[in-house]
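Let me begin by presenting the structure, written as structure tokens, before commenting on it.
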Amino acid sequence: MRLEGRTAIITGAGGGLGRQHALYLAGKGARVVVNDAVAAQAEAVADEVRASDGEAIAVAASVADEAAVAAMVARTLEAWGRIDILVNNAGILRDRSFANMRLDEFREVLDVHVMGAATCCKAVWAQMRAQGRGRIVLTTSSSGLYGNFGQANYGAAKMALVGLMQTLAIEGGKYDIRVNCLAPTAATGMTAGVLPEESLRVLDPALVSPALLPLVADDAPNRAIVCAGGGHFARAWVTLTAGRYLGGGEDVGERLIRAWDAVSDPDGQVMPDYGFTQAEREVASAQAHALAPRAETA
């Protein structure tokens with residue numbers, strides 16, 4: 001599968017995983033915009049792409065700088081006339097237990113990961129709508145999906161990106177803008193000291209980047225969360241169990257405790273198409289119970 005004629009912006013691509021993303025997509029034929037906050041690092045990766053007969057431009061910009069991101073998008077359109085792919089990879093770590101974490105450390109991580117990704121998505125959104133096609137990849141993490149000690153700020157930011165994906169995918173669907181998440185595990189500067197050395201040895205960032213291909217292809221899914229590391233690939237899901245109607249009353253909290261296992265039973269769980277699925281099911285359950293008032297509720 002080739003990506004000739006496609007233009008991709010990769011943020012945070014001056015090293016580590018972003019560099020591998022840029023090299024991988026360029027190797028598949030895409031023209032790449034190598035973004036990094038450090039100009040020399042962005043240019044070095046762009047030079048690598050060009051040395052392999054690929055097309056690349058380097059743009060130094062912080063994803064948290066709205067004007068700089070807008071200028072990057074304008075430069076991309078001036079050079080190649082379209083933007084097909086946005087890979088939001090830029091990120092930072094400020095790990096510390098929540099008891100010792102300063103709120104400015106919390107905000108800083110959210111500003112880069114969440115506001116940075118939102119700023120980049122907003123900057124390309126009108127162009128993707130106008131051209132009737134776009135592929136956006138947001139970088140989430142198992143730290144957000146499942147939690148990790150010392151990463152309250154990072155985990156909150158990464159789960160927020162799943163929420164951003166869910167809504168952008170719905171809003172962009174009719175314009176063939178498909179939005180997905182990649183949860184990578186790779187040996188980079190961000191994970192040095194976080195994962196044990198023996199694990200880092202098998203987590204070559206180059207083994208993650210192939211997960212991008214199905215997410216940016218013509219038949220890409222929408223709202224997928226792909227986990228990738230060490231050559232292993234998996235899917236993560238946000239699901240809703242069938243649950244159980246308990247109604248109201250002074251003792252409903254106590255009845256919920258007794259019914260906890262039934263409410264939590266994963267049998268019959270679904271992946272909602274949109275957030276109001278929860279409300280629709282709750283209303284339907286209540287209405288069905290009203291028609292059968294003697295149905296068991298605990």
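If you're wondering about the labels, chains in the structure tokens are A, B, ... by order shown, residues count from 1 in each chain, ligands from 1 in order shown.
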Taking 5 positions as the minimum chain separation for residues in the same chain, which residues sit within 12 Å of Asp104 (chain A) when counting only C-alpha atoms? Answer as a PyMOL selection string. chain A and resi 94+109-111+153
Could you write out that same residue set with all heavy atoms as an mmCIF file, in the first residue's frame?
data_model
loop_
_atom_site.group_PDB
_atom_site.id
_atom_site.type_symbol
_atom_site.label_atom_id
_atom_site.label_comp_id
_atom_site.auth_asym_id
_atom_site.auth_seq_id
_atom_site.Cartn_x
_atom_site.Cartn_y
_atom_site.Cartn_z
ATOM 1 N N ARG A 94 6.234 15.017 32.666
ATOM 2 C CA ARG A 94 6.596 15.684 33.917
ATOM 3 C C ARG A 94 6.147 14.767 35.051
ATOM 4 O O ARG A 94 5.270 15.084 35.835
ATOM 5 C CB ARG A 94 5.930 17.061 34.028
ATOM 6 C CG ARG A 94 6.367 18.066 32.980
ATOM 7 C CD ARG A 94 7.812 18.493 33.141
ATOM 8 N NE ARG A 94 8.193 19.527 32.174
ATOM 9 C CZ ARG A 94 8.753 19.292 31.001
ATOM 10 N NH1 ARG A 94 8.997 18.030 30.631
ATOM 11 N NH2 ARG A 94 9.078 20.277 30.190
ATOM 12 N N VAL A 109 1.667 19.704 30.966
ATOM 13 C CA VAL A 109 1.479 18.479 30.199
ATOM 14 C C VAL A 109 0.171 18.539 29.415
ATOM 15 O O VAL A 109 0.116 18.160 28.234
ATOM 16 C CB VAL A 109 1.529 17.250 31.132
ATOM 17 C CG1 VAL A 109 1.086 15.987 30.397
ATOM 18 C CG2 VAL A 109 2.942 17.072 31.678
ATOM 19 N N LEU A 110 -0.900 19.018 30.037
ATOM 20 C CA LEU A 110 -2.164 19.150 29.307
ATOM 21 C C LEU A 110 -2.063 20.156 28.170
ATOM 22 O O LEU A 110 -2.632 19.946 27.091
ATOM 23 C CB LEU A 110 -3.299 19.542 30.263
ATOM 24 C CG LEU A 110 -4.133 18.369 30.789
ATOM 25 C CD1 LEU A 110 -3.309 17.466 31.708
ATOM 26 C CD2 LEU A 110 -5.373 18.859 31.522
ATOM 27 N N ASP A 111 -1.333 21.239 28.384
ATOM 28 C CA ASP A 111 -1.194 22.252 27.334
ATOM 29 C C ASP A 111 -0.539 21.670 26.086
ATOM 30 O O ASP A 111 -0.976 21.936 24.955
ATOM 31 C CB ASP A 111 -0.362 23.438 27.842
ATOM 32 C CG ASP A 111 -1.174 24.387 28.710
ATOM 33 O OD1 ASP A 111 -2.420 24.290 28.694
ATOM 34 O OD2 ASP A 111 -0.563 25.221 29.399
ATOM 35 N N ASN A 153 -0.892 13.611 35.432
ATOM 36 C CA ASN A 153 -1.019 14.651 34.407
ATOM 37 C C ASN A 153 -0.999 14.041 33.001
ATOM 38 O O ASN A 153 -1.848 14.348 32.161
ATOM 39 C CB ASN A 153 0.079 15.703 34.571
ATOM 40 C CG ASN A 153 1.479 15.119 34.737
ATOM 41 O OD1 ASN A 153 1.692 13.904 34.634
ATOM 42 N ND2 ASN A 153 2.453 15.986 35.003
#
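Within 6 Å of region 67-84 of chain A there are Arg6, Thr7, Ala8, Ala61, Asp65, Ala123 and Gly134 of chain A, counting only C-alpha atoms and ignoring same-chain residues fewer than 2 positions away.
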Best match for closeness to Thr139 (chain A) among A:Ala126, A:Ala187, A:Val38, A:Met165, counting only C-alpha atoms: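 Result for the nearest residue to Thr139 (chain A): A:Met165.
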Write down as a PyMOL selection string the residues of region 117-213 of chain A whose backbone DSSP state falls under strand (DSSP E or B). chain A and resi 134-139+177-184+192+195
Residues as selected, N, CA and C atoms, written as a compact mmCIF listing (two decimals), in the first residue's frame, can you do that?
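For reference, selection_19.txt as written:
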# COMPACT_ATOMS: atom_id res chain seq x y z
N GLY A 134 -9.48 13.40 4.95
CA GLY A 134 -8.44 13.66 5.94
C GLY A 134 -8.27 12.46 6.85
N ARG A 135 -7.07 12.30 7.34
CA ARG A 135 -6.77 11.22 8.30
C ARG A 135 -5.98 11.85 9.45
N ILE A 136 -6.53 11.74 10.65
CA ILE A 136 -5.89 12.31 11.83
C ILE A 136 -5.61 11.19 12.81
N VAL A 137 -4.38 11.16 13.31
CA VAL A 137 -3.99 10.20 14.34
C VAL A 137 -3.58 10.96 15.59
N LEU A 138 -4.25 10.66 16.69
CA LEU A 138 -3.92 11.23 17.99
C LEU A 138 -3.14 10.20 18.79
N THR A 139 -2.14 10.64 19.52
CA THR A 139 -1.32 9.70 20.29
C THR A 139 -1.83 9.63 21.72
N ILE A 177 -13.25 12.53 6.93
CA ILE A 177 -12.16 12.78 7.86
C ILE A 177 -12.25 11.70 8.93
N ARG A 178 -11.28 10.83 8.96
CA ARG A 178 -11.30 9.71 9.91
C ARG A 178 -10.24 9.95 10.97
N VAL A 179 -10.66 9.77 12.21
CA VAL A 179 -9.81 10.13 13.34
C VAL A 179 -9.64 8.91 14.24
N ASN A 180 -8.41 8.57 14.53
CA ASN A 180 -8.09 7.39 15.32
C ASN A 180 -6.99 7.71 16.32
N CYS A 181 -6.75 6.78 17.24
CA CYS A 181 -5.72 6.93 18.25
C CYS A 181 -4.69 5.82 18.14
N LEU A 182 -3.46 6.18 18.38
CA LEU A 182 -2.36 5.23 18.49
C LEU A 182 -1.80 5.29 19.90
N ALA A 183 -1.72 4.14 20.55
CA ALA A 183 -1.13 4.04 21.89
C ALA A 183 0.19 3.28 21.75
N PRO A 184 1.31 4.01 21.63
CA PRO A 184 2.59 3.35 21.37
C PRO A 184 3.35 3.00 22.64
N ALA A 192 12.86 6.56 28.61
CA ALA A 192 14.11 6.21 29.30
C ALA A 192 13.95 6.49 30.79
N LEU A 195 10.69 2.70 31.79
CA LEU A 195 10.61 1.26 31.59
C LEU A 195 11.96 0.62 31.88
Which one is closest to Trp125 (chain A): A:Thr185, A:Leu168, A:Leu256, A:Gly12? Count only C-alpha atoms.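 Smallest separation from Trp125 (chain A) among the options: A:Leu168.
In this structure, CA of Leu145 (chain A) sits 12.2 Å away from CA of Thr239 (chain A).
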Using only C-alpha atoms, which protein or nucleic acid residues come within 12 Å of Arg281 (chain A)? Drop anything in the same chain fewer than 4 positions from it, and give the result as a list in words. Leu240, Thr241, Ala242, Gly243, Arg244, Tyr245, Val270, Pro272, Tyr274, Gly275, Phe276, Thr277, Ser285, Ala286, Gln287 and Ala288 of chain A
Only N, CA and C atoms, please: the residues just picked out, written as a PDB file, in the first residue's frame.
ATOM      1  N   LEU A 240     -19.643  -0.142  26.886  1.00  0.00           N
ATOM      2  CA  LEU A 240     -20.758   0.113  27.803  1.00  0.00           C
ATOM      3  C   LEU A 240     -21.454  -1.212  28.066  1.00  0.00           C
ATOM      4  N   THR A 241     -21.514  -1.631  29.336  1.00  0.00           N
ATOM      5  CA  THR A 241     -22.162  -2.907  29.644  1.00  0.00           C
ATOM      6  C   THR A 241     -23.678  -2.782  29.485  1.00  0.00           C
ATOM      7  N   ALA A 242     -24.335  -3.936  29.431  1.00  0.00           N
ATOM      8  CA  ALA A 242     -25.799  -3.939  29.319  1.00  0.00           C
ATOM      9  C   ALA A 242     -26.432  -3.316  30.548  1.00  0.00           C
ATOM     10  N   GLY A 243     -25.794  -3.498  31.704  1.00  0.00           N
ATOM     11  CA  GLY A 243     -26.309  -2.884  32.923  1.00  0.00           C
ATOM     12  C   GLY A 243     -27.604  -3.506  33.412  1.00  0.00           C
ATOM     13  N   ARG A 244     -28.232  -2.842  34.347  1.00  0.00           N
ATOM     14  CA  ARG A 244     -29.462  -3.362  34.934  1.00  0.00           C
ATOM     15  C   ARG A 244     -30.315  -2.224  35.456  1.00  0.00           C
ATOM     16  N   TYR A 245     -31.600  -2.275  35.194  1.00  0.00           N
ATOM     17  CA  TYR A 245     -32.510  -1.247  35.684  1.00  0.00           C
ATOM     18  C   TYR A 245     -32.802  -1.476  37.164  1.00  0.00           C
ATOM     19  N   VAL A 270     -21.422  -3.129  24.565  1.00  0.00           N
ATOM     20  CA  VAL A 270     -21.407  -2.554  23.222  1.00  0.00           C
ATOM     21  C   VAL A 270     -20.367  -1.437  23.159  1.00  0.00           C
ATOM     22  N   PRO A 272     -20.516   2.130  21.942  1.00  0.00           N
ATOM     23  CA  PRO A 272     -21.506   3.112  21.497  1.00  0.00           C
ATOM     24  C   PRO A 272     -21.049   3.906  20.277  1.00  0.00           C
ATOM     25  N   TYR A 274     -22.091   6.922  19.721  1.00  0.00           N
ATOM     26  CA  TYR A 274     -21.976   8.302  20.176  1.00  0.00           C
ATOM     27  C   TYR A 274     -22.357   8.341  21.656  1.00  0.00           C
ATOM     28  N   GLY A 275     -22.039   9.453  22.321  1.00  0.00           N
ATOM     29  CA  GLY A 275     -22.211   9.540  23.760  1.00  0.00           C
ATOM     30  C   GLY A 275     -23.642   9.404  24.243  1.00  0.00           C
ATOM     31  N   PHE A 276     -24.614   9.886  23.451  1.00  0.00           N
ATOM     32  CA  PHE A 276     -26.001   9.837  23.896  1.00  0.00           C
ATOM     33  C   PHE A 276     -26.567   8.417  23.884  1.00  0.00           C
ATOM     34  N   THR A 277     -25.772   7.448  23.395  1.00  0.00           N
ATOM     35  CA  THR A 277     -26.217   6.056  23.483  1.00  0.00           C
ATOM     36  C   THR A 277     -26.538   5.696  24.925  1.00  0.00           C
ATOM     37  N   SER A 285     -34.725   1.754  29.001  1.00  0.00           N
ATOM     38  CA  SER A 285     -34.843   0.837  30.128  1.00  0.00           C
ATOM     39  C   SER A 285     -35.927   1.287  31.092  1.00  0.00           C
ATOM     40  N   ALA A 286     -35.942   2.587  31.378  1.00  0.00           N
ATOM     41  CA  ALA A 286     -36.951   3.121  32.287  1.00  0.00           C
ATOM     42  C   ALA A 286     -38.352   2.970  31.708  1.00  0.00           C
ATOM     43  N   GLN A 287     -38.496   3.233  30.417  1.00  0.00           N
ATOM     44  CA  GLN A 287     -39.808   3.115  29.774  1.00  0.00           C
ATOM     45  C   GLN A 287     -40.273   1.665  29.736  1.00  0.00           C
ATOM     46  N   ALA A 288     -39.341   0.750  29.454  1.00  0.00           N
ATOM     47  CA  ALA A 288     -39.700  -0.663  29.444  1.00  0.00           C
ATOM     48  C   ALA A 288     -40.129  -1.119  30.839  1.00  0.00           C
TER      49      ALA A 288
END
Could you tell me which of A:His113, A:Lys158, A:His232, A:Arg133 comes closest to Asp219 (chain A) if we count only C-alpha atoms? A:Arg133
Among region 153-233 of chain A, which ones does DSSP place in alpha helix (DSSP H), written as an MDAnalysis selection string? chainID A and resid 153:172 197:200 212:216
Kindly indicate which residue among A:Ala262, A:Ile9, A:Val226, A:Met101 lies nearest to Val59 (chain A), using only C-alpha atoms for the distances.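 Answer, going by the shortest atom-to-atom distance: A:Ile9.
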Counting only C-alpha atoms, figure out which residue out of A:Asn35, A:Gln41, A:Gln127, A:Gln269 gets nearest to Thr11 (chain A). A:Asn35
